[in-house]
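Trainee: Just passing along the structure, written as structure tokens.
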Amino acid sequence: MKYIKNFVLLFAVATLLLSCNSGNERVVELLIPQPAKTIIKSGRFTHDTPVVYFSNVSDSDKENLLELIKGVFPSATETLDSTESGVIRVKQLPYSNNATESYDLCVSRSSIDIEARTPAGLIYAIQTIAQLNYLSTRGVPCVIISDAPRFAYRGIHLDVSRHFYSVEFIKKQLDVMSFYKMNRFHWHLTDGAGWRIEIKKYPRLTTFAAWRPYNNWKEFWFGERLYCEQTDAKAKGGYYTQEDVKEIVAYAQKLNITVIPEIEMPGHSDEVLAAYPELSCKGKPYTSGEMCIGNEATYKFLTDVLSEVCELFPSEYIHIGGDEADHKNWKECAKCQGTIRAKGLKNEHELQSYLIQRIENFLSTKGKKLIGWDEIIEGGLSPYATVMAWRGEAGGIKAAQMGHDAIMTPGNWLYFDAYQDNPATEPEAIGGYLPLSRVYSYEPVPDSLSLEEKSHIIGVQANLWTEYIQTEEHVEYMLYPRVLALAELGWCMADAKDWERFLPAANRHLEILKDKGINAHQISNSVIAEEVVDVEKQKIELSFRCDKMPVDIRYTNDGSEPTIESELYNAPISIKDSAIIKVAIFQNDERITEVQTFTPLYHKAIGKKVSYNIPHCSHYVAKGEATLTDGYNGGASYGDGSWQGFNKDVDVVLDMGEVTPIREIEVNFMQQAGPWIWFPEYVDIYMSEDGETWRNVKHISNDVPRDTEGMLIKNFGFAGEERCRYIRYTAHQLPKEGAYMFIDEIKVK
Ligand code: ACM
Ligand code: ZN
């Protein structure tokens with residue numbers, strides 16, 4: 001009894017404390033990435049001119065940490081008295097191998113205590129203070145935080161070959177990366193569109209291969225793909241001098257960021273071979289993007305370049321690319337074929353692997369480790385290589401199973417060159433669809449791995465390829481706010497990720513990013529509708545959400561415009577056959593968006609059987625044979641599991657089960673020229689009562705040009721008065737091998 005009484009009392013006190021602290025709690029919930037452990041206290045640290053007391057910190061670290069603290073409290077000064085009021089005590093504890101980035105932070109009204117076992121941990125404690133200070137209206141909320149990252153590797157990749165960006169811009173991004181506790185900058189310095197790092201021994205890499213006589217990558221790529229002399233009046237491009245590189249590396253180091261350079265080989269090397277054609281199989285410029293692996297001069301070149309690179313970058317890892325090498329020239333090259341024979345290699349995969357292994361051996365003489373894109377597994381993986389999985393997760397899984405470390409950067413979740421909102425209203429991107437929510441949903445450690453294998457997944461990285469990203473403002477637009485989601489993938493344990501907590505925080509951080517002069521993509525305030533089709537109960541459950549916060553969604557179902565009086569959306573809406581739902585967003589009792597109309601439809605073919613006279617493709621299967629009549633529309637991404645891909649003609653038969661009156665058939669195709677997805681050349685629709693005698697009810701020819709920019713959706717359907725049991729739907733003629741048609745649904749009304 002006494003125990004219960006005490007418990008009730010304790011609970012009452014705790015509740016009281018909690019309500020006092022709820023302001024602080026709300027602030028702490030806005031931290032990105034969310035710390036591992038927090039205890040919320042009441043009160044704030046409001047000293048504007050704090051003093052900083054260091055304990056066990058080296059002089060050089062002191063200088064750096066004080067500068068970071070001054071970023072939060074501009075008038076902070078060092079003190080030798082640890083008891084002064086308004087003191088920030090910064091203490092470095094003895095080093096421990098398993099706490100290389102963790103920190104403890106205790107904020108009280110009178111002091112802030114920071115403890116960590118490395119300068120990295122101290123830097124992150126200060127970044128947490130910086131965020132708390134930004135997020136609260138006054139002072140730093142009192143809180144106890146004990147924090148550590150989930151993964152050791154938390155990276156961002158930036159392609160500076162397709163377009164070149166300034167040193168100042170890179171430094172600005174490093175600042176933001178550290179603010180979000182990211183610790184690896186993967187600098188994609190060389191590619192077929194331009195070489196970007198000064199190599200003293202090979203000056204033509206930067207007097208020639210770093211310059212193009214075009215305004216941007218698109219003009220280069222769809223033009224003649226030429227380079228030019230730096231002195232050419234038309235020259236556009238640039239490169240980082242070795243002094244620039246040193247400046248960036250040193251700047252990054254102070255923010256606990258390791259800069260990992262990527263020197264691409266043997267593919268994506270057109271620019272090298274234009275400058276030094278003797279390294280290509282044909283010995284002539286503009287004949288190949290792949291270096292000749294059968295030529296010793298190639299090894300001389302690569303090891304010379306890497307020698308200078310290893311001197312410049314303290315990073316343990318050097319990235320050597322290794323992706324997307326075409327074998328065509330190697331197959332026709334006497335030198336390459338000679339090496340295959342002489343070394344007893346089976347094929348061109350092993351030829352590439354031979355090169356990578358030689359490079360790995362060379363790097364190890366410099367005390368460096370090799371990372372490469374997941375193609376480096378093909379043809380045998382070098383014994384100590386680390387794999388960066390980009391073509392899905394398979395490469396990372398295989399590497400981990402072989403006992404190699406792997407970093408997950410799968411295209412479907414972490415390629416930040418994809419659209420983050422409706423392609424119709426976004427600046428042109430390379431394709432794909434990767435909204436913030438999808439980035440956040442990614443889990444880097446595959447379930448299929450054993451515990452031991454899981455330990456080889458050492459981290460995550462987002463990649464930003466910049467074919468379509470000409471300006472620095474546009475780079476920021478593609479990075480943010482998706483970097484916020486990435487930061488939590490890398491830092492937070494899987495069960496600490498929480499979209500409901502994260503989304504309001506991301507909304508708030510957009511204001512901080514703006515304050516930092518970052519041109520972030522803004523979370524759309526349009527309504528996102530999701531349908532759940534219940535075949536059993538023959539109905540659709542329609543739900544709405546909006547990622548912009550805070551807002552109210554109001555709706556009508558009588559065709560009228562929503563007003564402040566209209567129903568407030570708070571739970572999914574059930575629809576039996578069809579409805580017209582109009583929604584809009586309200587903020588402070590005012591409509592702030594255009595009205596959006598949704599027309600959910602439980603159409604007649606849902607759940608009906610579809611047979612394939614020609615199979616769909618084996619990669620984009622969606623839900624297999626159920627896909628075209630499952631009631632689900634595809635979204636902006638062809639890989640979203642609702643779109644089904646066809647790499648030959650479409651030829652399917654839909655069985656309605658009985659003779660049915662048909663007024664309309666709607667079949668939407670996607671077109672997106674970038675990834676080779678096209679509308680059919682023509683469509684024929686047939687009907688039959690018995691499945692044997694068919695009549696053609698519609699022939700439609702496509703009138704949309706193949707090279708139309710952006711993502712298009714078009715209905716190739718039928719309207720009229722018909723009755724039938726079977727519908728045969730055929731779509732014909734893709735323009736080339738490797739191209740696709742995509743359909744999401746055959747809607748029958
Ligand atoms: C890559 O996206 N080619 C690594
Ligand atoms: Zn060759």
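The chains in the structure tokens are called A, B, ... from first to last as shown; in each chain the residues are counted from 1, and the ligands are counted from 1 in the order shown.
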All residues within 12 Å of ligand 2 are required, counting only C-alpha atoms and all ligand atoms; please report them as a count of residues only.
Mentor: 40
Trainee: Which residues form the shell of 12 Å around ligand 1 when you count only C-alpha atoms and all ligand atoms, given as a PyMOL selection string?
Mentor: chain A and resi 157-159+186+188+191-192+262+264-265+267-268+319-325+371-376+387-392+395+408-412+414-418+430+461-467
Trainee: Considering only C-alpha atoms, return as a list in words whatever protein or nucleic-acid residues lie within 8 Å of range 676-678 of chain A, sequence-local ones (same chain, fewer than 2 positions apart) excluded.
Mentor: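 Here the qualifying residues turn out to be Met670, Gln671, Gln672, Ala673, Gly674, Pro680, Arg706, Leu734, Gly738, Ala739, Tyr740, Met741 and Phe742 of chain A.
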Trainee: Expressed in Å to a single decimal, how great is the separation between CA of Asn347 in chain A and CA of Leu370 in chain A?
Mentor: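 Pair CA of Asn347 in chain A / CA of Leu370 in chain A returns 22.6 Å.
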Trainee: Go ahead and compute the interatomic distance for CA of Gly517 in chain A and CA of Ser166 in chain A, in Å to one decimal.
Mentor: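 The value is 15.7 Å.
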Trainee: Name the residues in contact with Asp684 in chain A at a cut-off of 10 Å, using only C-alpha atoms, excluding same-chain residues fewer than 6 positions from it; report them as a PyMOL selection string.
Mentor: chain A and resi 651+696-701+716-718+728-732
Trainee: Could you please take those selected residues and save C-alpha atoms as a PDB file, in the first residue's frame?
Mentor:
```pdb
ATOM      1  CA  ASP A 651       0.250  -8.120 -74.737  1.00  0.00           C
ATOM      2  CA  ASN A 696     -10.427  -4.491 -82.502  1.00  0.00           C
ATOM      3  CA  VAL A 697     -12.172  -1.643 -80.676  1.00  0.00           C
ATOM      4  CA  LYS A 698      -9.390   0.906 -80.689  1.00  0.00           C
ATOM      5  CA  HIS A 699      -6.100   1.743 -82.420  1.00  0.00           C
ATOM      6  CA  ILE A 700      -4.073   4.646 -80.994  1.00  0.00           C
ATOM      7  CA  SER A 701      -0.846   6.052 -82.449  1.00  0.00           C
ATOM      8  CA  PHE A 716      -3.702   5.190 -74.108  1.00  0.00           C
ATOM      9  CA  GLY A 717      -7.297   4.135 -73.466  1.00  0.00           C
ATOM     10  CA  PHE A 718     -10.744   3.579 -74.871  1.00  0.00           C
ATOM     11  CA  ARG A 728      -6.819  -7.842 -74.843  1.00  0.00           C
ATOM     12  CA  TYR A 729      -4.507  -4.865 -74.474  1.00  0.00           C
ATOM     13  CA  THR A 730      -1.443  -4.581 -76.718  1.00  0.00           C
ATOM     14  CA  ALA A 731       1.231  -1.872 -76.927  1.00  0.00           C
ATOM     15  CA  HIS A 732       4.003  -1.964 -79.490  1.00  0.00           C
TER      16      HIS A 732
END
```
Trainee: Closest to Arg508 in chain A among A:Pro550, A:Glu247, A:Phe179, A:His521, using only C-alpha atoms?
Mentor: A:Pro550
Trainee: Enumerate, as a list in words, the complete set of residues in range 444-567 of chain A that a backbone-based DSSP assignment places in strand (DSSP E).
Mentor: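 Everything in range 444-567 of chain A that counts as strand (DSSP E) is Ile457, Ile458, Gly459, Val460, Gln461, Ala462, Asn463, Leu464, Ile528, Ala529, Glu530, Glu531, Val532, Val533, Asp534, Lys539, Ile540, Glu541, Leu542, Ser543, Phe544, Arg545, Asp552, Ile553, Arg554, Tyr555, Thr556 and Glu567 of chain A.
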Trainee: Go ahead and save the residues from that selection, with C-alpha atoms, as a short mmCIF file (atom, residue, chain, number, x, y, z; two decimals), in the first residue's frame.
Mentor:
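Just written: result27.cif:
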```
data_model
loop_
_atom_site.label_atom_id
_atom_site.label_comp_id
_atom_site.auth_asym_id
_atom_site.auth_seq_id
_atom_site.Cartn_x
_atom_site.Cartn_y
_atom_site.Cartn_z
CA ILE A 457 28.19 -2.38 -42.99
CA ILE A 458 30.21 0.56 -41.74
CA GLY A 459 27.97 3.33 -42.92
CA VAL A 460 25.84 5.25 -45.37
CA GLN A 461 26.38 7.95 -47.93
CA ALA A 462 24.28 10.03 -50.26
CA ASN A 463 25.65 10.65 -53.73
CA LEU A 464 25.13 13.82 -55.69
CA ILE A 528 -0.22 13.86 -50.54
CA ALA A 529 -3.01 11.30 -50.88
CA GLU A 530 -2.54 7.62 -50.25
CA GLU A 531 -5.04 4.94 -51.15
CA VAL A 532 -5.35 1.52 -49.58
CA VAL A 533 -7.42 -0.83 -51.74
CA ASP A 534 -9.45 -3.38 -49.81
CA LYS A 539 -13.57 -0.21 -51.00
CA ILE A 540 -10.73 2.30 -50.93
CA GLU A 541 -9.38 3.91 -47.79
CA LEU A 542 -8.12 7.34 -48.70
CA SER A 543 -5.68 9.11 -46.40
CA PHE A 544 -4.04 12.52 -46.66
CA ARG A 545 -0.90 14.03 -45.32
CA ASP A 552 -4.53 21.71 -41.25
CA ILE A 553 -6.05 19.73 -44.11
CA ARG A 554 -9.75 20.42 -44.76
CA TYR A 555 -11.89 18.64 -47.35
CA THR A 556 -15.29 18.33 -48.99
CA GLU A 567 -14.39 19.00 -42.34
#
```
Trainee: Would you kindly return, as a list in words, each protein, DNA or RNA residue with an atom no farther than 8 Å from any atom of Arg482 in chain A, considering only C-alpha atoms and excluding same-chain residues fewer than 6 positions away?
Mentor: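 Near Arg482 in chain A, the qualifying residues are Phe416, Pro435, Leu436 and Val439 of chain A.
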Trainee: Suppose we keep C-alpha atoms; can you now write the selection as a PDB file, in the first residue's frame?
Mentor:
```pdb
ATOM      1  CA  PHE A 416      20.182  12.886 -54.358  1.00  0.00           C
ATOM      2  CA  PRO A 435      11.290  12.536 -51.556  1.00  0.00           C
ATOM      3  CA  LEU A 436      12.497  13.224 -48.036  1.00  0.00           C
ATOM      4  CA  VAL A 439      15.330   8.814 -47.798  1.00  0.00           C
TER       5      VAL A 439
END
```
Trainee: Check the DSSP output for the backbone and give back, as a list in words, the residues of range 500-739 of chain A in alpha helix (DSSP H).
Mentor: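 Restricting range 500-739 of chain A to alpha helix (DSSP H) produces Glu500, Arg501, Phe502, Leu503, Pro504, Ala505, Ala506, Asn507, Arg508, His509, Leu510, Glu511, Ile512, Leu513, Lys514 and Asp515 of chain A.
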Trainee: May I ask for the distance between CA of Asp577 in chain A and CA of Gly635 in chain A, given in Å to one decimal place?
Mentor: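 Between these atoms lies a distance of 21.2 Å.
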